[in-house]
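Data file: upload-v1.cif. Format and content: mmCIF, C-alpha atoms and all ligand atoms.
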data_structure
loop_
_atom_site.label_atom_id
_atom_site.label_comp_id
_atom_site.auth_asym_id
_atom_site.auth_seq_id
_atom_site.Cartn_x
_atom_site.Cartn_y
_atom_site.Cartn_z
CA MET E 182 71.15 21.73 201.93
CA ALA E 183 70.15 18.09 201.46
CA ASP E 184 72.92 17.15 203.87
CA GLU E 185 71.68 19.64 206.47
CA GLN E 186 68.13 18.35 206.19
CA SER E 187 69.28 14.77 206.55
CA ALA E 188 71.37 15.67 209.62
CA ALA E 189 68.46 17.52 211.25
CA CYS E 190 66.19 14.59 210.49
CA PHE E 191 68.67 12.10 211.98
CA ALA E 192 69.06 14.09 215.21
CA ALA E 193 65.30 14.71 215.50
CA ARG E 194 64.44 11.04 215.08
CA LEU E 195 67.12 10.00 217.50
CA LEU E 196 65.95 12.49 220.15
CA ALA E 197 62.31 11.45 219.74
CA TRP E 198 63.35 7.83 220.20
CA TRP E 199 65.52 8.69 223.21
CA ASP E 200 62.67 10.60 224.87
CA VAL E 201 60.76 7.34 224.99
CA HIS E 202 63.41 4.62 225.18
CA GLY E 203 66.66 6.28 226.32
CA ARG E 204 68.51 5.81 229.59
CA LYS E 205 67.86 8.89 231.71
CA ASN E 206 68.56 7.79 235.22
CA LEU E 207 72.22 6.94 235.10
CA PRO E 208 74.06 8.36 238.13
CA TRP E 209 76.22 10.72 236.05
CA GLN E 210 73.10 12.12 234.39
CA ARG E 211 71.60 13.21 237.70
CA GLU E 212 74.21 15.83 238.48
CA ARG E 213 76.10 16.59 235.30
CA THR E 214 79.19 18.32 236.63
CA PRO E 215 82.32 18.17 234.45
CA TYR E 216 84.05 16.08 237.13
CA ARG E 217 81.29 13.46 237.29
CA VAL E 218 80.91 13.29 233.51
CA TRP E 219 84.68 12.97 233.15
CA VAL E 220 84.93 10.10 235.66
CA ALA E 221 81.97 8.35 234.00
CA GLU E 222 83.35 8.79 230.48
CA ILE E 223 86.73 7.37 231.47
CA MET E 224 85.08 4.39 233.21
CA LEU E 225 82.82 3.80 230.21
CA GLN E 226 85.77 3.45 227.84
CA GLN E 227 85.88 -0.30 227.19
CA THR E 228 83.42 -1.10 230.02
CA GLN E 229 79.65 -1.61 229.93
CA VAL E 230 77.25 0.75 231.65
CA SER E 231 75.88 -1.93 234.02
CA THR E 232 79.40 -2.69 235.30
CA VAL E 233 80.34 0.98 235.60
CA VAL E 234 77.33 2.14 237.65
CA PRO E 235 78.35 0.72 241.09
CA TYR E 236 82.00 1.64 240.55
CA PHE E 237 81.03 5.18 239.62
CA GLU E 238 78.75 5.60 242.65
CA ARG E 239 81.46 4.43 245.04
CA PHE E 240 84.20 6.42 243.34
CA VAL E 241 82.38 9.76 243.52
CA THR E 242 81.16 9.07 247.04
CA ARG E 243 84.72 8.59 248.24
CA LEU E 244 86.28 11.21 245.92
CA PRO E 245 83.50 13.71 245.20
CA ASP E 246 85.52 16.34 243.37
CA VAL E 247 88.71 16.97 241.49
CA GLU E 248 90.56 18.24 244.59
CA SER E 249 89.84 15.10 246.58
CA LEU E 250 90.96 12.95 243.66
CA ALA E 251 94.19 14.93 243.30
CA ARG E 252 94.88 14.59 247.06
CA ALA E 253 94.17 10.84 247.17
CA ASP E 254 96.95 8.27 247.12
CA LEU E 255 97.25 6.41 243.86
CA ASP E 256 96.79 3.22 245.92
CA GLU E 257 93.36 4.39 246.96
CA VAL E 258 92.38 5.33 243.40
CA LEU E 259 93.50 1.92 242.16
CA HIS E 260 91.63 0.31 245.05
CA LEU E 261 88.45 2.05 243.90
CA TRP E 262 89.16 0.81 240.39
CA SER E 263 89.96 -2.77 241.41
CA GLY E 264 88.18 -5.21 239.11
CA LEU E 265 87.23 -2.61 236.49
CA GLY E 266 90.29 -3.40 234.37
CA TYR E 267 92.37 -1.20 232.05
CA TYR E 268 94.09 0.36 235.05
CA ALA E 269 95.96 2.96 232.99
CA ARG E 270 92.62 4.80 232.99
CA ALA E 271 92.76 5.19 236.77
CA ARG E 272 96.40 6.27 236.73
CA HIS E 273 95.65 8.88 234.06
CA LEU E 274 92.60 10.11 235.96
CA HIS E 275 94.70 10.63 239.07
CA ARG E 276 97.45 12.44 237.14
CA ALA E 277 94.94 14.59 235.30
CA ALA E 278 93.31 15.66 238.58
CA GLY E 279 96.73 16.86 239.72
CA VAL E 280 97.07 18.89 236.51
CA VAL E 281 93.62 20.47 237.00
CA VAL E 282 94.50 21.49 240.55
CA ARG E 283 97.99 22.77 239.74
CA GLU E 284 97.39 24.40 236.37
CA HIS E 285 93.70 25.34 236.44
CA GLY E 286 93.26 26.27 240.10
CA GLY E 287 91.07 23.21 240.71
CA VAL E 288 88.46 24.32 238.16
CA PHE E 289 87.82 21.79 235.44
CA PRO E 290 88.48 23.46 232.06
CA ASP E 291 85.38 24.09 229.96
CA GLU E 292 86.87 24.03 226.47
CA ALA E 293 87.29 20.75 224.64
CA GLU E 294 90.80 21.68 223.38
CA ARG E 295 92.07 22.26 226.93
CA ILE E 296 90.33 19.20 228.34
CA GLN E 297 91.89 17.12 225.60
CA ARG E 298 95.36 18.03 226.86
CA LEU E 299 94.73 16.23 230.14
CA PRO E 300 96.30 12.78 230.51
CA GLY E 301 94.05 10.00 229.25
CA VAL E 302 91.48 12.28 227.59
CA GLY E 303 90.93 11.92 223.85
CA ARG E 304 88.95 14.08 221.44
CA SER E 305 85.66 12.22 221.90
CA THR E 306 85.86 12.16 225.71
CA ALA E 307 86.65 15.89 225.80
CA ALA E 308 83.66 16.57 223.56
CA ALA E 309 81.38 14.40 225.72
CA ILE E 310 82.40 16.36 228.83
CA VAL E 311 81.70 19.70 227.14
CA ALA E 312 78.42 18.53 225.62
CA GLN E 313 77.07 16.76 228.69
CA SER E 314 78.14 19.15 231.41
CA HIS E 315 77.90 22.49 229.59
CA GLY E 316 75.35 21.63 226.89
CA ARG E 317 77.73 23.08 224.36
CA ARG E 318 77.76 21.70 220.82
CA ALA E 319 80.59 19.20 220.45
CA ALA E 320 80.68 16.01 218.40
CA ILE E 321 81.52 12.70 220.03
CA LEU E 322 82.79 9.58 218.32
CA ASP E 323 83.11 6.65 220.68
CA ALA E 324 82.89 3.02 219.56
CA ASN E 325 79.06 3.01 219.64
CA VAL E 326 78.81 6.20 217.60
CA LYS E 327 81.35 4.94 215.06
CA ARG E 328 79.24 1.84 214.54
CA VAL E 329 75.95 3.75 214.13
CA LEU E 330 77.43 6.24 211.66
CA ALA E 331 79.38 3.65 209.69
CA ARG E 332 76.13 1.72 209.19
CA ARG E 333 73.86 4.69 208.62
CA HIS E 334 76.17 5.97 205.86
CA ARG E 335 77.70 2.64 204.84
CA VAL E 336 81.21 3.87 205.46
CA GLY E 337 83.72 1.24 204.34
CA GLY E 338 87.21 0.67 205.71
CA ALA E 339 88.45 -0.17 209.18
CA VAL E 340 87.64 2.40 211.85
CA SER E 341 91.31 2.42 212.80
CA SER E 342 92.33 3.77 209.36
CA ALA E 343 92.89 7.51 209.18
CA GLY E 344 90.67 8.03 206.12
CA THR E 345 87.68 6.20 207.65
CA LEU E 346 88.13 7.98 210.94
CA ASP E 347 88.21 11.38 209.20
CA GLU E 348 85.00 10.54 207.38
CA LEU E 349 83.30 9.40 210.60
CA TRP E 350 84.37 12.57 212.40
CA ARG E 351 82.97 14.63 209.52
CA LEU E 352 79.65 12.80 209.79
CA ALA E 353 79.63 13.08 213.60
CA GLU E 354 80.15 16.85 213.30
CA SER E 355 77.44 17.24 210.70
CA HIS E 356 74.82 15.28 212.67
CA THR E 357 75.40 16.94 216.05
CA PRO E 358 72.57 19.43 216.63
CA ALA E 359 72.91 22.85 218.24
CA GLU E 360 69.99 22.19 220.61
CA ARG E 361 69.71 19.45 223.23
CA VAL E 362 73.27 18.40 222.57
CA ALA E 363 73.66 16.60 225.92
CA ASP E 364 70.60 14.49 225.20
CA TYR E 365 71.72 13.89 221.63
CA THR E 366 75.14 12.57 222.69
CA GLN E 367 73.46 10.26 225.20
CA ALA E 368 70.90 9.23 222.57
CA ILE E 369 73.41 8.18 219.93
CA MET E 370 75.47 6.28 222.51
CA ASP E 371 72.31 4.55 223.74
CA LEU E 372 71.25 3.67 220.21
CA GLY E 373 74.63 2.04 219.59
CA ALA E 374 74.59 0.19 222.91
CA THR E 375 71.01 -1.08 222.85
CA VAL E 376 69.71 -1.14 219.23
CA CYS E 377 72.55 -0.83 216.74
CA ARG E 378 74.47 -3.55 218.55
CA ARG E 379 77.69 -4.97 217.24
CA ILE E 380 76.07 -8.35 216.72
CA ARG E 381 72.43 -8.79 215.71
CA PRO E 382 71.39 -5.12 215.52
CA ARG E 383 67.70 -4.57 216.22
CA CYS E 384 66.97 -2.73 212.97
CA ALA E 385 63.22 -3.27 213.29
CA ASP E 386 63.26 -1.04 216.41
CA CYS E 387 65.61 1.59 215.02
CA PRO E 388 64.45 5.20 214.62
CA VAL E 389 66.82 5.89 211.69
CA ARG E 390 66.13 2.69 209.80
CA ALA E 391 64.40 4.50 206.91
CA ASP E 392 67.67 6.27 205.98
CA CYS E 393 70.13 3.58 206.96
CA GLN E 394 72.24 2.52 204.02
CA ALA E 395 73.70 -0.62 205.58
CA HIS E 396 70.19 -1.78 206.47
CA ALA E 397 68.98 -1.00 202.93
CA ALA E 398 71.87 -3.06 201.58
CA GLY E 399 70.83 -5.94 203.86
CA ASP E 400 74.23 -5.99 205.53
CA PRO E 401 74.23 -4.01 208.80
CA GLU E 402 76.80 -6.29 210.45
CA GLY E 403 79.17 -5.71 207.52
CA TYR E 404 79.82 -2.19 208.85
CA PRO E 405 82.14 -1.04 210.18
CA GLU E 406 84.70 -3.37 208.65
CA LYS E 407 86.01 -5.82 211.21
CA PRO E 408 89.70 -5.56 212.07
CA PRO E 409 91.73 -8.62 211.07
CA ARG E 410 91.59 -11.24 213.81
CA ARG E 411 94.80 -11.41 215.74
CA LYS E 412 95.84 -14.77 217.02
CA ARG E 413 95.58 -14.71 220.81
CA ARG E 414 98.74 -15.70 222.56
CA LEU E 415 98.77 -17.80 225.69
CA GLU E 416 101.08 -17.03 228.59
CA ARG E 417 101.60 -18.86 231.84
CA SER E 418 102.86 -17.62 235.21
CA ARG E 419 103.23 -18.97 238.69
CA PHE E 420 101.94 -16.86 241.60
CA PHE E 421 103.23 -17.49 245.12
CA VAL E 422 100.54 -16.76 247.70
CA VAL E 423 102.56 -16.59 250.93
CA VAL E 424 100.35 -16.42 254.01
CA ASP E 425 101.54 -15.79 257.59
CA PRO E 426 99.89 -17.36 260.69
CA GLU E 427 97.61 -14.31 261.06
CA GLY E 428 96.30 -14.70 257.51
CA ALA E 429 98.23 -11.75 256.07
CA CYS E 430 99.53 -12.18 252.51
CA LEU E 431 102.82 -11.08 251.07
CA LEU E 432 102.00 -8.75 248.17
CA GLU E 433 104.30 -6.89 245.83
CA GLN E 434 103.51 -3.76 243.89
CA ARG E 435 103.63 -4.07 240.12
CA PRO E 436 105.78 -1.63 238.15
CA PRO E 437 103.95 1.65 237.43
CA ASP E 438 103.20 0.88 233.78
CA GLY E 439 101.76 -2.12 232.04
CA ILE E 440 98.51 -4.02 232.36
CA TRP E 441 98.40 -4.13 236.17
CA GLY E 442 100.61 -1.06 236.67
CA GLY E 443 100.66 0.11 240.30
CA LEU E 444 98.41 -2.71 241.55
CA TRP E 445 99.36 -5.16 244.29
CA SER E 446 99.67 -8.85 243.65
CA PRO E 447 101.10 -12.05 245.07
CA PRO E 448 104.60 -12.36 243.58
CA GLU E 449 104.43 -13.50 239.96
CA ARG E 450 107.23 -15.65 238.63
CA ASP E 451 107.93 -17.75 235.56
CA ALA E 452 105.75 -20.82 235.19
CA GLY E 453 107.25 -23.76 237.00
CA GLU E 454 109.63 -21.75 239.22
CA SER E 455 110.35 -23.93 242.23
CA VAL E 456 109.23 -23.06 245.74
CA ILE E 457 112.83 -23.41 246.94
CA ALA E 458 114.09 -20.91 244.37
CA PHE E 459 111.31 -18.48 245.23
CA LEU E 460 111.89 -18.69 249.01
CA GLU E 461 115.59 -18.21 248.54
CA GLN E 462 115.08 -15.18 246.35
CA ALA E 463 112.51 -13.77 248.83
CA GLY E 464 114.83 -14.35 251.77
CA ILE E 465 112.33 -16.60 253.60
CA ALA E 466 114.04 -19.42 255.53
CA ALA E 467 112.75 -22.85 254.55
CA ASP E 468 112.17 -23.84 258.20
CA LEU E 469 109.41 -21.19 258.48
CA VAL E 470 107.33 -23.00 255.90
CA GLY E 471 104.45 -25.03 257.29
CA GLU E 472 102.64 -26.17 254.17
CA VAL E 473 102.97 -25.81 250.42
CA GLN E 474 100.00 -26.47 248.22
CA GLN E 475 99.66 -26.18 244.50
CA ALA E 476 96.10 -25.27 243.48
CA GLY E 477 94.39 -25.75 240.14
CA VAL E 478 95.47 -23.62 237.19
CA PHE E 479 92.91 -21.09 235.99
CA ARG E 480 92.81 -18.95 232.87
CA HIS E 481 92.31 -15.19 232.83
CA GLY E 482 91.53 -13.39 229.58
CA PHE E 483 93.00 -10.02 228.62
CA THR E 484 92.16 -8.12 225.44
CA HIS E 485 94.85 -9.73 223.33
CA PHE E 486 96.04 -12.73 225.29
CA ASP E 487 95.16 -15.30 227.91
CA LEU E 488 97.14 -15.95 231.05
CA ASP E 489 97.20 -19.35 232.71
CA VAL E 490 97.66 -18.74 236.41
CA GLU E 491 99.42 -21.41 238.50
CA PRO E 492 98.73 -20.65 242.17
CA VAL E 493 101.12 -21.98 244.80
CA TYR E 494 100.03 -21.43 248.41
CA VAL E 495 102.83 -21.25 250.97
CA ARG E 496 101.60 -21.20 254.57
CA LEU E 497 104.22 -20.04 257.05
CA ARG E 498 104.60 -21.09 260.69
CA ALA E 499 105.92 -17.63 261.51
CA ARG E 500 106.35 -14.38 259.64
CA PRO E 501 109.99 -13.75 258.77
CA ALA E 502 111.54 -10.69 260.38
CA VAL E 503 112.33 -9.22 256.97
CA VAL E 504 111.66 -10.11 253.38
CA ARG E 505 113.56 -8.69 250.47
CA GLU E 506 112.54 -5.08 250.03
CA SER E 507 111.44 -5.59 246.45
CA LEU E 508 108.82 -8.05 247.65
CA GLY E 509 106.67 -5.45 249.26
CA ARG E 510 104.28 -5.78 252.16
CA TRP E 511 102.27 -8.11 254.33
CA ILE E 512 98.64 -7.26 253.84
CA ASP E 513 95.53 -8.64 255.43
CA PRO E 514 93.25 -8.93 252.42
CA ALA E 515 90.18 -8.26 254.58
CA GLU E 516 91.63 -4.90 255.62
CA HIS E 517 93.22 -3.94 252.37
CA ARG E 518 92.79 -0.49 250.82
CA LEU E 519 95.02 -1.16 247.84
CA GLY E 520 94.44 -1.84 244.19
CA LEU E 521 94.12 -5.53 243.39
CA SER E 522 93.57 -7.00 239.95
CA ALA E 523 90.77 -9.55 239.60
CA VAL E 524 93.44 -12.29 239.45
CA ALA E 525 95.16 -11.10 242.64
CA ALA E 526 91.81 -10.81 244.44
CA ARG E 527 90.94 -14.37 243.49
CA LEU E 528 94.33 -15.65 244.61
CA VAL E 529 94.16 -14.01 248.02
CA GLY E 530 90.47 -14.81 248.52
CA VAL E 531 89.04 -11.30 248.40
CA THR E 532 85.49 -11.83 247.28
CA THR E 533 84.46 -8.21 246.88
CA LEU E 534 87.07 -6.17 245.13
CA PHE E 535 85.71 -2.94 246.39
CA ASP E 536 85.57 -2.11 250.05
CA PRO E 537 82.59 0.27 250.37
CA ARG E 538 83.84 1.88 253.59
S1 LIG U 1 68.84 0.39 210.85
FE1 LIG U 1 70.03 -1.19 211.87
S2 LIG U 1 72.10 -0.94 211.12
FE2 LIG U 1 71.02 0.93 210.63
S3 LIG U 1 71.46 2.31 212.31
FE3 LIG U 1 69.55 1.25 212.79
S4 LIG U 1 70.10 -0.56 214.00
FE4 LIG U 1 71.97 0.24 213.02
#

Kindly return the structure encoded in the file as structure tokens.
Amino acid sequence: MADEQSAACFAARLLAWWDVHGRKNLPWQRERTPYRVWVAEIMLQQTQVSTVVPYFERFVTRLPDVESLARADLDEVLHLWSGLGYYARARHLHRAAGVVVREHGGVFPDEAERIQRLPGVGRSTAAAIVAQSHGRRAAILDANVKRVLARRHRVGGAVSSAGTLDELWRLAESHTPAERVADYTQAIMDLGATVCRRIRPRCADCPVRADCQAHAAGDPEGYPEKPPRRKRRLERSRFFVVVDPEGACLLEQRPPDGIWGGLWSPPERDAGESVIAFLEQAGIAADLVGEVQQAGVFRHGFTHFDLDVEPVYVRLRARPAVVRESLGRWIDPAEHRLGLSAVAARLVGVTTLFDPR
């Protein structure tokens, strides 16, 4: 009984706070269809709201429903995702749309268990879709919610450990109200993003401060337990930016999996690979080369490592009749409709990763 009262109190305080301070005008809140909520939830995994908003708007303008996403080329989907990072999300989204069309007649499933079977959809994302688009009670547990609940209840242990995760899911279930569930899920995510921040939480402005055990203990930042710091590794690669007299670049498609899976990029080779070795391997005759220029190295950060990028610009006097098949295509970056990573875009001089046409 005490537990039930405390849960009702938590949800009520959170909703009262959200009514005044919450974010209510996000594009996926305006028309809460399962498709739009799904796209938004996938984009919001590991990416901040302010970054997601323009990507979301453009994505759903170009691909307004699950059928259009299923029909689209993966290249186009990756193009729409270019610069957002974590490209496996886009590949999964595209595959899942195909599953919805083939196995569900194009109608997005409305039960969390069935949604969860789609590629790239976890338990929390499935619950968010059900709660936000159908208003049906379903508990979510994304990174923001984990942090709020771990602090509110002073749950020890790393959030990656099974025991801690079970406890957090139990708490998430118990706090989720039967009424206004869509608002509640948005409210707890907003609280985590804007008040119960990872660093320097704004406890003085928090609606659940009176019951918060981590705050009472004077140690909000101590929860949840931080994962052990992994030493970041540093890698280095050389990228050959081969440009023909018309300004088209030679781009190759990355293998389907991995960090930049399916995206297009100037050929990446081991650091220090010579221009002669590269041209030979590409099948480009040395007498076509007008100018070779090595530009400054820049560093690009990934989640667990940094990559030092060595750009080498090779300007050709004429485009070779053929290049080795594995090397891909000549693409005018200004006209491109392909997926480019932020690194590839910088190398080929594309200033806006997304072409709004
Ligand atoms: S009181 Fe502080 S630590 Fe506790 S939930 Fe609120 S913001 Fe987070």

Near-segment 384-395 of chain E list (8 Å; only C-alpha atoms; drop same-chain fewer than 5 positions) as an mmCIF file with C-alpha atoms, keeping the file's coordinate frame:
data_model
loop_
_atom_site.group_PDB
_atom_site.id
_atom_site.type_symbol
_atom_site.label_atom_id
_atom_site.label_comp_id
_atom_site.auth_asym_id
_atom_site.auth_seq_id
_atom_site.Cartn_x
_atom_site.Cartn_y
_atom_site.Cartn_z
ATOM 1 C CA PHE E 191 68.670 12.100 211.980
ATOM 2 C CA ARG E 194 64.440 11.040 215.080
ATOM 3 C CA LEU E 195 67.120 10.000 217.500
ATOM 4 C CA TRP E 198 63.350 7.830 220.200
ATOM 5 C CA ARG E 332 76.130 1.720 209.190
ATOM 6 C CA ARG E 333 73.860 4.690 208.620
ATOM 7 C CA HIS E 334 76.170 5.970 205.860
ATOM 8 C CA ARG E 335 77.700 2.640 204.840
ATOM 9 C CA LEU E 372 71.250 3.670 220.210
ATOM 10 C CA VAL E 376 69.710 -1.140 219.230
ATOM 11 C CA CYS E 377 72.550 -0.830 216.740
ATOM 12 C CA ASP E 400 74.230 -5.990 205.530
ATOM 13 C CA PRO E 401 74.230 -4.010 208.800
ATOM 14 C CA GLY E 403 79.170 -5.710 207.520
ATOM 15 C CA TYR E 404 79.820 -2.190 208.850
#

What does the structure give for the distance between atom S2 of ligand LIG 1 (chain U) and atom CA of His356 of chain E, in Å to one decimal? 16.5 Å

Shell of 6 Å around Leu431 of chain E, only C-alpha atoms, local chain residues under 6 positions omitted, as a VMD selection string: chain E and resid 423 510 to 511

Restricting the calculation to all atoms listed in the file: of E:Asp364, E:Glu238, E:Glu402, E:Asp425, which residue gets closest to ligand LIG 1 (chain U)?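 Smallest separation from ligand LIG 1 (chain U) among the options: E:Glu402.
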
Measuring atom to atom with all atoms listed in the file, identify which of E:Arg252, E:His273, E:Arg361, E:Arg378 is nearest to ligand LIG 1 (chain U). E:Arg378

Shell of 9 Å around Arg379 of chain E, all atoms listed in the file, local chain residues under 6 positions omitted, as a PyMOL selection string: chain E and resi 325+328+373+402

Take the residues from that selection and put them in a file with C-alpha atoms, as a tab-separated table (two decimals), in the frame of the given file.
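Generated file (part-v5.tsv):
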chain	number	residue	atom	x	y	z
E	325	ASN	CA	79.06	3.01	219.64
E	328	ARG	CA	79.24	1.84	214.54
E	373	GLY	CA	74.63	2.04	219.59
E	402	GLU	CA	76.80	-6.29	210.45

To one decimal in Å, tell me the separation between atom CA of Ile310 of chain E and atom CA of Glu222 of chain E.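 These atoms are spaced 7.8 Å apart.
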
Between E:Leu322, E:Gly520, E:Arg298, E:His485, single out the one closest to Arg411 of chain E, counting all atoms listed in the file.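 Nearest to Arg411 of chain E: E:His485.
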
Quick one: distance from atom FE4 of ligand LIG 1 (chain U) to atom CA of Arg410 of chain E in Å, one decimal?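 According to the coordinates, atom FE4 of ligand LIG 1 (chain U) and atom CA of Arg410 of chain E are separated by 22.7 Å.
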
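When only C-alpha atoms are used to compute distances to Ala307 of chain E, the closest of the residues E:Pro235, E:Gly344, E:Gly279, E:Pro215 turns out to be E:Pro215.
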